[in-house]
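Following: one structure in structure tokens, then a few remarks.
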Amino acid sequence: MLAVMAVGSTSCVTSKKVRYLQDMPKAGLPINDAFEVTVSPYDELTISVLTNGSEDELLKPFAMEEEYLVDGYGNIQFPVLGELHVAGLTRLQLQDTICSHLITGGQLGKPMVVARFKNFRVFMLSTEGGKVINVDNERCTFLEALAMADGLSLHTRRDRIGVMREVNGTMVIHYLDPRSTAIFDDEFFLLQQNDIIFTEETAFRLFRENMSDLTFVLSSITSLSSLLMLYFTIRNLTK
């Protein structure tokens, strides 16, 4: 009976509990581009400075593509310009900021700056293990990360998928539900570098596992009892 109950618990998973974006209208939804990835402490950046060719001599201090580690205060040490506060800037804002400093400081007249994130990755944790997701294009949505992590099992709670992120020196946990299109307007839908996604198992999965363990114990006890009964029966017959 216990074994039947344990197996039967798997049938409690319905389409409504697991299907993604259940309220998506047929006409679709507009894309929200308000959220952008920003520079955070301990990010690794590559920054290149270029010109139109007429300022090659002035370009020498910046000529090579350099890698920069953002310190705990959100600063980098840039050639000639010294310390720059870059935390909170988007990639395009970072490029514009450095260009502006080079022009106003008189270092270059018409610079072009190209900045990239070098360490854009997010992490996925579940009861089945963990996975590091490396992102090449510096933009990764919540749904894309789930896809790159091979999706969710049938027994994963959809209403409590957590995203853990450092915000102004504090670790913040936010929960998303991929069954609803409301996630598109959530500021955590567009992931930041080093975000951690974690999942929980449903009560049915935990119940099934516990019942499986209990069934094994009871089966062992039943087998042992049967052997003991057989032993005493044979013993009585041989008297």
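In the structure tokens, chains take letters A, B, ... by order of appearance, with residues numbered from 1 within each chain and ligands from 1 in the order shown.
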
Expected answer as a list of chain:residue names: strand (DSSP E) residues in segment 128-205 of chain A: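 Everything in segment 128-205 of chain A that counts as strand (DSSP E) is A:Gly129, A:Gly130, A:Lys131, A:Val132, A:Ile133, A:Asn134, A:Ile161, A:Gly162, A:Val163, A:Met164, A:Arg165, A:Glu166, A:Val167, A:Thr170, A:Met171, A:Val172, A:Ile173, A:His174, A:Tyr175, A:Leu176, A:Ile196, A:Ile197, A:Phe198.
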
DSSP helix (DSSP H, G or I) residues within segment 55-206 of chain A, as a ChimeraX atom specification: /A:56-62,91-104,142-148,158-160,181-185,203-206

So how far away is atom CA of Thr51 of chain A from atom CA of Gly82 of chain A, in Å?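 About the pair atom CA of Gly82 of chain A and atom CA of Thr51 of chain A: they are 20.2 Å apart.
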
Could you name the residues that touch Lys110 of chain A at 9 Å or less, counting only C-alpha atoms, but leaving out those on the same chain fewer than 5 positions away, as an NGL selection string? :A and (50-52 or 55 or 99 or 102-103)

Write out the residues from the selection above, keeping N, CA and C atoms, as a compact mmCIF listing (two decimals), in the first residue's frame.
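Saved to out33.txt:
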```
# COMPACT_ATOMS: atom_id res chain seq x y z
N LEU A 50 40.79 53.58 -28.81
CA LEU A 50 41.19 53.70 -30.22
C LEU A 50 41.01 55.14 -30.67
N THR A 51 41.66 55.50 -31.79
CA THR A 51 41.46 56.81 -32.40
C THR A 51 41.33 56.63 -33.90
N ASN A 52 41.15 57.74 -34.60
CA ASN A 52 40.98 57.68 -36.05
C ASN A 52 42.32 57.61 -36.79
N GLU A 55 46.07 60.50 -34.02
CA GLU A 55 46.61 60.72 -32.68
C GLU A 55 47.36 59.51 -32.17
N CYS A 99 35.62 58.19 -22.40
CA CYS A 99 35.80 59.12 -23.53
C CYS A 99 35.75 60.57 -23.05
N LEU A 102 38.93 61.54 -21.21
CA LEU A 102 40.08 61.69 -22.11
C LEU A 102 40.01 63.01 -22.88
N ILE A 103 38.80 63.41 -23.25
CA ILE A 103 38.63 64.66 -24.02
C ILE A 103 38.82 65.88 -23.12
```

Counting only C-alpha atoms, what is within 10 Å of Leu191 of chain A, bar same-chain residues fewer than 5 positions away, as a ChimeraX atom specification? /A:35-37,120-122,138-145,163,165,196-197

Could you save the residues just selected, with C-alpha atoms, as a PDB file, in the first residue's frame?
```pdb
ATOM      1  CA  PHE A  35      16.910  46.915 -17.416  1.00  0.00           C
ATOM      2  CA  GLU A  36      20.608  46.811 -18.275  1.00  0.00           C
ATOM      3  CA  VAL A  37      23.615  45.053 -16.837  1.00  0.00           C
ATOM      4  CA  PHE A 120      29.876  37.392 -17.110  1.00  0.00           C
ATOM      5  CA  ARG A 121      28.565  34.211 -15.578  1.00  0.00           C
ATOM      6  CA  VAL A 122      25.639  33.077 -13.455  1.00  0.00           C
ATOM      7  CA  GLU A 138      26.888  40.025 -21.804  1.00  0.00           C
ATOM      8  CA  ARG A 139      23.129  39.686 -21.648  1.00  0.00           C
ATOM      9  CA  CYS A 140      21.264  36.789 -20.092  1.00  0.00           C
ATOM     10  CA  THR A 141      17.617  36.625 -19.064  1.00  0.00           C
ATOM     11  CA  PHE A 142      16.138  34.441 -16.351  1.00  0.00           C
ATOM     12  CA  LEU A 143      14.494  32.138 -18.914  1.00  0.00           C
ATOM     13  CA  GLU A 144      17.686  31.855 -20.965  1.00  0.00           C
ATOM     14  CA  ALA A 145      19.608  30.781 -17.876  1.00  0.00           C
ATOM     15  CA  VAL A 163      17.696  34.724  -7.624  1.00  0.00           C
ATOM     16  CA  ARG A 165      22.251  39.039  -5.988  1.00  0.00           C
ATOM     17  CA  ILE A 196      22.873  32.699  -8.228  1.00  0.00           C
ATOM     18  CA  ILE A 197      19.649  30.905  -9.197  1.00  0.00           C
TER      19      ILE A 197
END
```

Record the distance separating atom CA of Val135 of chain A and atom CA of Leu190 of chain A, expressed in Å with one decimal. 12.5 Å

Counting only C-alpha atoms, the option among A:Met148, A:Leu59, A:Leu94, A:Val167 closest to Asn134 of chain A: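 The shortest atom-to-atom distance to Asn134 of chain A comes from A:Met148.
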
Could you please determine the separation between atom CA of Thr46 of chain A and atom CA of Val114 of chain A in Å, to one decimal place?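 Atom CA of Thr46 of chain A sits 8.1 Å away from atom CA of Val114 of chain A.
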
Which residues are close to Met164 of chain A, i.e. within 9 Å by only C-alpha atoms, leaving aside same-chain residues fewer than 6 positions away? Reply as an NGL selection string. :A and (171-175 or 194-198)

Go ahead and dump the residues you just picked, C-alpha atoms, as a PDB file, in the first residue's frame.
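result-v9.pdb, freshly written:
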```pdb
ATOM      1  CA  MET A 171      22.880  39.888  -0.529  1.00  0.00           C
ATOM      2  CA  VAL A 172      19.259  40.067  -1.729  1.00  0.00           C
ATOM      3  CA  ILE A 173      17.006  37.113  -2.590  1.00  0.00           C
ATOM      4  CA  HIS A 174      14.148  37.604  -5.029  1.00  0.00           C
ATOM      5  CA  TYR A 175      11.672  34.955  -6.210  1.00  0.00           C
ATOM      6  CA  ASN A 194      27.476  36.402 -10.623  1.00  0.00           C
ATOM      7  CA  ASP A 195      23.753  36.012  -9.883  1.00  0.00           C
ATOM      8  CA  ILE A 196      22.873  32.699  -8.228  1.00  0.00           C
ATOM      9  CA  ILE A 197      19.649  30.905  -9.197  1.00  0.00           C
ATOM     10  CA  PHE A 198      18.437  28.259  -6.761  1.00  0.00           C
TER      11      PHE A 198
END
```

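Distances to Lys17 of chain A were evaluated for A:Ile31, A:Leu45, A:Leu154, A:Leu81 using only C-alpha atoms, and the minimum falls at A:Leu154.
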
Counting only C-alpha atoms, figure out which residue out of A:Leu92, A:Ile47, A:Ala115, A:Leu227 gets nearest to Pro79 of chain A.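 Closest to Pro79 of chain A of all the choices is A:Ile47.
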
Using only C-alpha atoms, pick whichever of A:Asn32, A:Thr222, A:Ser100, A:Ser48 has the shortest atom-to-atom distance to Phe62 of chain A. A:Ser48

Can you list, as a PyMOL selection string, every protein, DNA or RNA residue that comes within 7 Å of His85 of chain A when you count only C-alpha atoms, leaving out same-chain residues fewer than 2 positions away? chain A and resi 74-76+83+87

Take the residues that were just selected and, keeping C-alpha atoms, output them as an mmCIF file, in the first residue's frame.
```
data_model
loop_
_atom_site.group_PDB
_atom_site.id
_atom_site.type_symbol
_atom_site.label_atom_id
_atom_site.label_comp_id
_atom_site.auth_asym_id
_atom_site.auth_seq_id
_atom_site.Cartn_x
_atom_site.Cartn_y
_atom_site.Cartn_z
ATOM 1 C CA GLY A 74 33.693 50.046 -7.431
ATOM 2 C CA ASN A 75 36.860 51.711 -8.799
ATOM 3 C CA ILE A 76 39.462 50.887 -11.447
ATOM 4 C CA GLU A 83 41.219 56.140 -10.252
ATOM 5 C CA ALA A 87 30.304 50.703 -10.321
#
```
